[in-house]
Amino acid sequence: MYTQIFLAFIISVILTLLFRWIIQKSSSSLYTSIRGGTPRAVGIAPFIVMVIFINQPFNYLIAAIGIFALFDDIIGREKIKELPFEIGHLSRGVGMLAVAVLGFFYFGPASILIALMIQPINISDMQPGSACSTVIIICVIIILLTFLAGYGDYYILSVILAACTGYAPLDYRGKIMMGEVGNHSFAVGLGISCALFGGYLGSISGIGIQNGSFSGVLILFIASSILIAFIRRKNLNVFMENRLGIKNPYFGDYVMDVMTGGGLGDLVRRILLKSHKIVIKNKFLVYLGFRRLFYNPHAVR
């Protein structure tokens with residue numbers, strides 16, 4: 001097992017350098033003008049590593065979301081005529097649906113939460129190194145918990161950690177960007193790991209494997225959202241005050257942005273709220289972040 005984990009790390013390093021070079025030399029949409037020129041979607045490197053080294057059938061779920069996410073990276077901003085979303089939204093949605101449906105055969109209802117893990121991890125990937133820090137911290141914490149619980153199967157988590165640490169140095173320096181293919185793949189990988197760990201705890205506690213899996217991924221979703229909100233708190237504060245007009249945002253607003261922000265969240269708001277503006281005045285709800293939850297960018301101002 002340790003040999004495989006070491007190989008996963010080395011291959012992640014090599015593929016990261018290789019894809020950085022390929023994208024830099026290409027004239028594709030994956031080479032952005034950000035920070036003077038930054039290759040995007042280099043997260044394809046850890047994605048490939050996870051598909052190769054994570055055991056079946058769980059790597060199928062990562063492969064499914066990674067392929068659709070890569071399509072999002074390449075074509076994502078293209079509009080669909082007369083429809084309120086972009087091709088990237090559609091591709092991401094199909095990928096999430098694939099994870100939820102295929103995963104249902106192994107995890108039951110927890111597969112829906114595994115697919116939804118894409119939301120917070122995607123939001124974490126908005127500044128250099130933040131998504132990497134999130135993945136590494138979560139992996140280390142859960143591995144420690146598996147030891148404390150007597151659960152010996154931490155192989156998948158170790159592969160995710162190896163793939164991320166092999167990729168991370170250039171991301172921390174702002175030289176590359178993970179892209180949807182990277183953060184979506186990490187999200188599903190972490191969700192699978194917590195579903196398996198939660199299922200083990202459910203089996204020994206008597207609540208059942210499926211209930212344990214669902215609880216495990218739900219805790220991961222909430223805890224990772226809080227962690228990401230803390231890591232990105234300064235940037236989120238500036239974003240909410242200057243871009244959204246939410247004055248003096250609370251930490252609850254940051255958490256709610258991580259859980260429901262981004263293009264996918266705004267699409268749901270557009271469908272449900274249309275052009276309606278909802279004003280939250282209740283102090284308790286304001287503390288909880290309901291101003292961000294009900295912020296509708298499509299509302300009539």
# chains A, B, ... in the order shown; residues from 1 in each chain; ligands from 1
>>> select_by_dssp(residues="region 45-142 of chain A", states="alpha helix (DSSP H)", output="PyMOL selection string")
chain A and resi 45-53+58-75+87-107+110-116+118-124+130-142
>>> residues_around(residues="region 212-225 of chain A", least_positions_apart="2", cutoff="7 Å", atoms="only C-alpha atoms", output="list in words")
Phe107, Pro109, Ala110, Leu113, Ile114, Met117, Pro120, Gly191, Cys194, Ala195, Leu196, Gly198, Gly199, Leu201, Gly202, Ile207, Gly208, Ile209, Gln210, Leu227, Ile228, Ala229, Val255, Val258 and Met259 of chain A
>>> closest_residue(among="A:Ala63, A:Val49, A:Leu7, A:Ile75", to="Ser28 (chain A)", atoms="only C-alpha atoms")
A:Ile75
>>> select_by_dssp(residues="region 25-247 of chain A", states="strand (DSSP E)", output="list in words")
Tyr31, Thr32, Thr38 and Pro39 of chain A
